[in-house]
$ cat my_file_32.txt   # compact mmCIF, C-alpha atoms
# COMPACT_ATOMS: atom_id res chain seq x y z
CA MET Y 19 -9.59 3.76 -5.88
CA GLU Y 20 -8.71 5.96 -2.93
CA ILE Y 21 -5.21 7.23 -2.12
CA ARG Y 22 -4.49 8.57 1.34
CA PRO Y 23 -1.76 8.62 4.01
CA ALA Y 24 -1.32 5.28 5.74
CA THR Y 25 -2.01 4.95 9.44
CA MET Y 26 0.25 3.24 11.98
CA ALA Y 27 -2.42 0.55 12.31
CA GLU Y 28 -1.82 -0.26 8.63
CA ARG Y 29 1.93 -0.79 9.18
CA PRO Y 30 1.71 -4.61 8.84
CA ALA Y 31 -0.15 -4.32 5.51
CA VAL Y 32 2.31 -1.70 4.25
CA PHE Y 33 5.32 -3.89 5.06
CA ASN Y 34 3.55 -6.95 3.61
CA ILE Y 35 3.21 -5.20 0.24
CA LEU Y 36 6.78 -3.84 0.33
CA ASP Y 37 8.14 -7.28 1.27
CA GLY Y 38 6.07 -8.92 -1.47
CA ALA Y 39 7.80 -6.70 -4.02
CA LEU Y 40 11.20 -7.92 -2.77
CA LEU Y 41 12.41 -4.38 -2.19
CA ALA Y 42 15.54 -3.58 -0.20
CA ILE Y 43 14.08 -1.17 2.32
CA GLU Y 44 15.19 0.30 5.63
CA TYR Y 45 12.39 -0.68 8.02
CA GLU Y 46 13.27 1.98 10.59
CA ARG Y 47 13.26 4.73 7.99
CA VAL Y 48 9.93 3.56 6.56
CA THR Y 49 8.45 3.46 10.06
CA THR Y 50 9.69 7.00 10.68
CA VAL Y 51 8.08 8.39 7.52
CA LEU Y 52 4.94 6.37 8.27
CA GLU Y 53 4.72 8.20 11.59
CA GLN Y 54 5.16 11.47 9.66
CA GLN Y 55 2.29 10.49 7.32
CA GLN Y 56 4.53 10.30 4.25
CA VAL Y 57 3.54 6.75 3.34
CA TYR Y 58 0.54 6.68 1.02
CA VAL Y 59 -1.69 3.73 0.28
CA ALA Y 60 -3.99 2.93 -2.62
CA LEU Y 61 -7.19 1.25 -1.52
CA VAL Y 62 -9.95 -0.49 -3.42
CA GLY Y 63 -13.34 -1.60 -2.17
CA ARG Y 64 -15.93 0.09 -0.06
CA ASP Y 65 -16.01 1.07 3.60
CA ALA Y 66 -14.89 -1.78 5.87
CA ALA Y 67 -14.11 -3.96 2.86
CA GLN Y 68 -11.38 -1.61 1.61
CA ARG Y 69 -8.08 -3.34 0.89
CA ILE Y 70 -4.62 -1.83 0.45
CA VAL Y 71 -3.33 -2.73 -3.02
CA GLY Y 72 -0.40 -0.33 -3.37
CA VAL Y 73 2.08 1.67 -1.32
CA ILE Y 74 4.41 4.59 -2.00
CA VAL Y 75 6.94 5.79 0.56
CA VAL Y 76 8.38 9.30 0.36
CA ASP Y 77 10.86 11.12 2.61
CA ASP Y 78 10.71 14.83 1.81
CA GLU Y 79 11.20 14.76 -1.97
CA GLU Y 80 12.79 11.30 -2.27
CA ILE Y 81 10.61 8.34 -3.19
CA LEU Y 82 12.02 5.47 -1.12
CA ALA Y 83 9.78 2.71 -2.41
CA ILE Y 84 6.72 1.95 -4.48
CA ALA Y 85 4.99 -1.41 -4.60
CA VAL Y 86 1.72 -2.88 -5.84
CA ARG Y 87 0.25 -6.26 -4.95
CA ARG Y 88 1.36 -8.78 -7.56
CA ARG Y 89 -2.19 -9.60 -8.73
CA ARG Y 90 -3.00 -5.89 -9.12
CA ARG Y 91 0.02 -4.88 -11.22
CA GLY Y 92 -0.60 -3.42 -14.66
CA GLN Y 93 -3.83 -1.73 -13.55
CA GLY Y 94 -2.47 1.81 -13.17
CA ILE Y 95 -2.15 1.71 -9.38
CA GLY Y 96 1.56 2.59 -9.34
CA THR Y 97 0.94 5.41 -11.78
CA ALA Y 98 -1.92 6.72 -9.63
CA LEU Y 99 0.31 6.67 -6.53
CA VAL Y 100 3.04 8.68 -8.29
CA ARG Y 101 0.53 11.13 -9.80
CA ASP Y 102 -0.95 11.68 -6.33
CA LEU Y 103 2.52 12.56 -4.97
CA GLN Y 104 3.08 14.90 -7.90
CA GLN Y 105 0.04 16.87 -6.74
CA ARG Y 106 1.56 17.21 -3.26
CA HIS Y 107 5.17 18.09 -4.18
CA GLU Y 108 7.11 20.53 -6.34
CA LYS Y 109 9.98 18.11 -6.97
CA LEU Y 110 10.47 14.35 -6.56
CA VAL Y 111 13.51 12.11 -6.91
CA ALA Y 112 13.61 8.33 -7.30
CA TYR Y 113 16.46 5.82 -7.63
CA PHE Y 114 15.74 2.74 -9.69
CA ASP Y 115 17.08 -0.04 -11.90
CA GLU Y 116 17.18 0.22 -15.69
CA ARG Y 117 14.45 -2.45 -16.03
CA VAL Y 118 11.84 -0.12 -14.49
CA ALA Y 119 13.01 3.04 -16.30
CA PRO Y 120 10.03 2.90 -18.74
CA PHE Y 121 7.61 3.21 -15.79
CA TRP Y 122 9.42 6.25 -14.39
CA SER Y 123 9.65 7.87 -17.83
CA ALA Y 124 5.90 7.32 -18.29
CA VAL Y 125 5.23 9.35 -15.13
CA ASP Y 126 7.45 12.18 -16.39
CA PHE Y 127 10.67 11.47 -14.46
CA THR Y 128 13.87 12.33 -16.32
CA PRO Y 129 16.41 9.52 -15.76
CA HIS Y 130 20.11 10.21 -15.20
CA SER Y 131 22.86 7.60 -15.01
CA LEU Y 132 24.71 7.30 -11.73
CA THR Y 133 28.45 7.00 -12.26
CA GLY Y 134 29.90 3.69 -11.14
CA THR Y 135 26.54 1.95 -10.69
CA ASP Y 136 23.84 0.29 -12.77
CA ARG Y 137 21.12 2.38 -11.12
CA LEU Y 138 19.44 5.52 -12.38
CA ARG Y 139 18.30 8.68 -10.65
CA GLY Y 140 15.00 10.02 -11.91
CA VAL Y 141 13.90 13.59 -11.27
CA TRP Y 142 10.47 15.15 -11.69
CA GLU Y 143 9.79 18.85 -11.21
CA ARG Y 144 6.50 20.65 -11.46
CA PRO Y 145 6.40 22.52 -14.79
$ encode --input "my_file_32.txt" --output "structure tokens"
Amino acid sequence: MEIRPATMAERPAVFNILDGALLAIEYERVTTVLEQQQVYVALVGRDAAQRIVGVIVVDDEEILAIAVRRRRRGQGIGTALVRDLQQRHEKLVAYFDERVAPFWSAVDFTPHSLTGTDRLRGVWERP
């Protein structure tokens, strides 16, 4: 598996994966960070046969979205995308629902409750 910044030509595939995960995303913001090369894709296959199977979107230190193709979930792709970002950043923040808290804990994010909401804020800092 290869992880690298997405290109603008890959925008349709990126949005296809994000839409397939039923995420509430701001398309303009994702496009902006895509232009800034802060959207990373996980690819499998060789050369021209490579296929995007996962996407992670980051704006500075905030992870805006992470998604993996439904048929490829449970294969460590999401973990690999987060671990790749952890190599590039000193600190990362993610907002997520309680149901996915085990994933974020597994990649070393410390969850904090957000007052007045059912969402959590996870923080990771380089040791």
$ residues_around --input "my_file_32.txt" --residues "Ala27 in chain Y" --least-positions-apart "3" --cutoff "12 Å" --atoms "all atoms listed in the file" --output "ChimeraX atom specification"
/Y:23-24,30-33,49,52-53
$ closest_atom_pairs --input "my_file_32.txt" --of "range 119-144 of chain Y" --to "range 75-90 of chain Y" --cutoff "12 Å" --atoms "all atoms listed in the file" --output "JSON lines"
{"residue": "Y:Phe121", "atom": "CA", "partner": "Y:Ile84", "partner_atom": "CA", "distance": 11.4}
{"residue": "Y:Trp122", "atom": "CA", "partner": "Y:Ile84", "partner_atom": "CA", "distance": 11.1}
{"residue": "Y:Phe127", "atom": "CA", "partner": "Y:Ile81", "partner_atom": "CA", "distance": 11.7}
{"residue": "Y:Arg139", "atom": "CA", "partner": "Y:Glu80", "partner_atom": "CA", "distance": 10.4}
{"residue": "Y:Gly140", "atom": "CA", "partner": "Y:Ile81", "partner_atom": "CA", "distance": 9.9}
{"residue": "Y:Val141", "atom": "CA", "partner": "Y:Glu80", "partner_atom": "CA", "distance": 9.4}
{"residue": "Y:Trp142", "atom": "CA", "partner": "Y:Glu79", "partner_atom": "CA", "distance": 9.8}
{"residue": "Y:Glu143", "atom": "CA", "partner": "Y:Glu79", "partner_atom": "CA", "distance": 10.2}
$ atom_distance --input "my_file_32.txt" --atom1 "CA of Gln93 in chain Y" --atom2 "CA of Glu116 in chain Y"
21.2 Å
$ closest_residue --input "my_file_32.txt" --among "Y:Thr25, Y:Val100, Y:Gly92, Y:His107" --to "Ser123 in chain Y" --atoms "only C-alpha atoms"
Y:Val100
$ closest_residue --input "my_file_32.txt" --among "Y:Val71, Y:Leu103, Y:Ala42, Y:Leu138" --to "Val57 in chain Y" --atoms "all atoms listed in the file"
Y:Leu103
$ closest_residue --input "my_file_32.txt" --among "Y:Met26, Y:Gln56, Y:Glu20, Y:Arg91" --to "Arg106 in chain Y" --atoms "all atoms listed in the file"
Y:Gln56
$ atom_distance --input "my_file_32.txt" --atom1 "CA of Ala60 in chain Y" --atom2 "CA of Arg117 in chain Y"
23.4 Å
$ atom_distance --input "my_file_32.txt" --atom1 "CA of Asn34 in chain Y" --atom2 "CA of Gln105 in chain Y"
26.2 Å
$ decode --input "my_file_32.txt" --residues "range 54-141 of chain Y" --atoms "C-alpha atoms" --output "mmCIF file, in the first residue's frame"
data_model
loop_
_atom_site.group_PDB
_atom_site.id
_atom_site.type_symbol
_atom_site.label_atom_id
_atom_site.label_comp_id
_atom_site.auth_asym_id
_atom_site.auth_seq_id
_atom_site.Cartn_x
_atom_site.Cartn_y
_atom_site.Cartn_z
ATOM 1 C CA GLN Y 54 -2.893 22.577 -0.571
ATOM 2 C CA GLN Y 55 -1.931 18.878 -0.771
ATOM 3 C CA GLN Y 56 -3.348 18.071 2.665
ATOM 4 C CA VAL Y 57 -5.590 15.259 1.446
ATOM 5 C CA TYR Y 58 -3.820 11.910 1.511
ATOM 6 C CA VAL Y 59 -4.846 8.759 -0.287
ATOM 7 C CA ALA Y 60 -4.067 5.107 0.311
ATOM 8 C CA LEU Y 61 -3.540 3.187 -2.903
ATOM 9 C CA VAL Y 62 -3.263 -0.501 -3.660
ATOM 10 C CA GLY Y 63 -2.165 -2.184 -6.865
ATOM 11 C CA ARG Y 64 0.688 -1.531 -9.205
ATOM 12 C CA ASP Y 65 1.452 1.300 -11.597
ATOM 13 C CA ALA Y 66 -1.563 2.180 -13.770
ATOM 14 C CA ALA Y 67 -3.713 -0.355 -11.936
ATOM 15 C CA GLN Y 68 -3.421 1.497 -8.615
ATOM 16 C CA ARG Y 69 -6.754 2.181 -6.936
ATOM 17 C CA ILE Y 70 -7.587 4.615 -4.148
ATOM 18 C CA VAL Y 71 -8.996 2.659 -1.205
ATOM 19 C CA GLY Y 72 -8.802 5.248 1.577
ATOM 20 C CA VAL Y 73 -8.712 8.992 2.171
ATOM 21 C CA ILE Y 74 -7.739 11.238 5.069
ATOM 22 C CA VAL Y 75 -8.324 14.988 5.005
ATOM 23 C CA VAL Y 76 -6.351 17.294 7.286
ATOM 24 C CA ASP Y 77 -6.412 21.081 7.658
ATOM 25 C CA ASP Y 78 -3.320 22.147 9.593
ATOM 26 C CA GLU Y 79 -3.593 19.887 12.654
ATOM 27 C CA GLU Y 80 -7.309 19.056 12.419
ATOM 28 C CA ILE Y 81 -8.380 15.811 10.778
ATOM 29 C CA LEU Y 82 -11.562 16.722 8.908
ATOM 30 C CA ALA Y 83 -12.430 13.281 7.584
ATOM 31 C CA ILE Y 84 -11.171 9.747 7.165
ATOM 32 C CA ALA Y 85 -12.847 7.116 5.024
ATOM 33 C CA VAL Y 86 -12.058 3.697 3.599
ATOM 34 C CA ARG Y 87 -13.923 1.880 0.838
ATOM 35 C CA ARG Y 88 -16.556 -0.345 2.422
ATOM 36 C CA ARG Y 89 -15.081 -3.592 1.044
ATOM 37 C CA ARG Y 90 -11.610 -2.652 2.314
ATOM 38 C CA ARG Y 91 -12.546 -1.808 5.913
ATOM 39 C CA GLY Y 92 -10.933 -3.802 8.695
ATOM 40 C CA GLN Y 93 -7.676 -4.210 6.755
ATOM 41 C CA GLY Y 94 -5.644 -1.542 8.568
ATOM 42 C CA ILE Y 95 -5.997 1.130 5.886
ATOM 43 C CA GLY Y 96 -7.493 3.752 8.214
ATOM 44 C CA THR Y 97 -4.801 3.031 10.777
ATOM 45 C CA ALA Y 98 -2.096 3.379 8.114
ATOM 46 C CA LEU Y 99 -3.526 6.741 7.002
ATOM 47 C CA VAL Y 100 -3.500 8.091 10.571
ATOM 48 C CA ARG Y 101 -0.008 6.717 11.267
ATOM 49 C CA ASP Y 102 1.246 8.405 8.094
ATOM 50 C CA LEU Y 103 -0.136 11.758 9.308
ATOM 51 C CA GLN Y 104 1.475 11.200 12.691
ATOM 52 C CA GLN Y 105 4.838 11.069 10.916
ATOM 53 C CA ARG Y 106 4.130 14.447 9.288
ATOM 54 C CA HIS Y 107 2.721 16.365 12.286
ATOM 55 C CA GLU Y 108 3.577 17.178 15.887
ATOM 56 C CA LYS Y 109 -0.064 17.353 16.994
ATOM 57 C CA LEU Y 110 -3.382 16.209 15.515
ATOM 58 C CA VAL Y 111 -6.986 16.763 16.578
ATOM 59 C CA ALA Y 112 -10.075 14.831 15.474
ATOM 60 C CA TYR Y 113 -13.779 15.168 16.312
ATOM 61 C CA PHE Y 114 -15.790 11.966 16.276
ATOM 62 C CA ASP Y 115 -18.768 10.021 17.587
ATOM 63 C CA GLU Y 116 -18.542 7.668 20.562
ATOM 64 C CA ARG Y 117 -19.058 4.617 18.302
ATOM 65 C CA VAL Y 118 -15.664 5.159 16.628
ATOM 66 C CA ALA Y 119 -13.779 6.081 19.823
ATOM 67 C CA PRO Y 120 -12.074 2.629 19.959
ATOM 68 C CA PHE Y 121 -10.449 3.311 16.562
ATOM 69 C CA TRP Y 122 -9.109 6.692 17.678
ATOM 70 C CA SER Y 123 -7.865 5.269 20.982
ATOM 71 C CA ALA Y 124 -6.074 2.496 19.065
ATOM 72 C CA VAL Y 125 -4.113 5.131 17.121
ATOM 73 C CA ASP Y 126 -3.133 6.890 20.357
ATOM 74 C CA PHE Y 127 -5.648 9.752 20.409
ATOM 75 C CA THR Y 128 -6.819 10.799 23.867
ATOM 76 C CA PRO Y 129 -10.602 11.396 23.758
ATOM 77 C CA HIS Y 130 -12.252 14.265 25.629
ATOM 78 C CA SER Y 131 -15.995 14.831 25.986
ATOM 79 C CA LEU Y 132 -17.405 17.979 24.435
ATOM 80 C CA THR Y 133 -19.857 19.695 26.756
ATOM 81 C CA GLY Y 134 -23.403 19.799 25.443
ATOM 82 C CA THR Y 135 -22.816 17.321 22.617
ATOM 83 C CA ASP Y 136 -22.500 13.584 22.049
ATOM 84 C CA ARG Y 137 -19.241 14.028 20.135
ATOM 85 C CA LEU Y 138 -15.691 13.620 21.361
ATOM 86 C CA ARG Y 139 -12.508 15.535 20.659
ATOM 87 C CA GLY Y 140 -9.443 13.354 20.312
ATOM 88 C CA VAL Y 141 -5.936 14.746 20.605
#
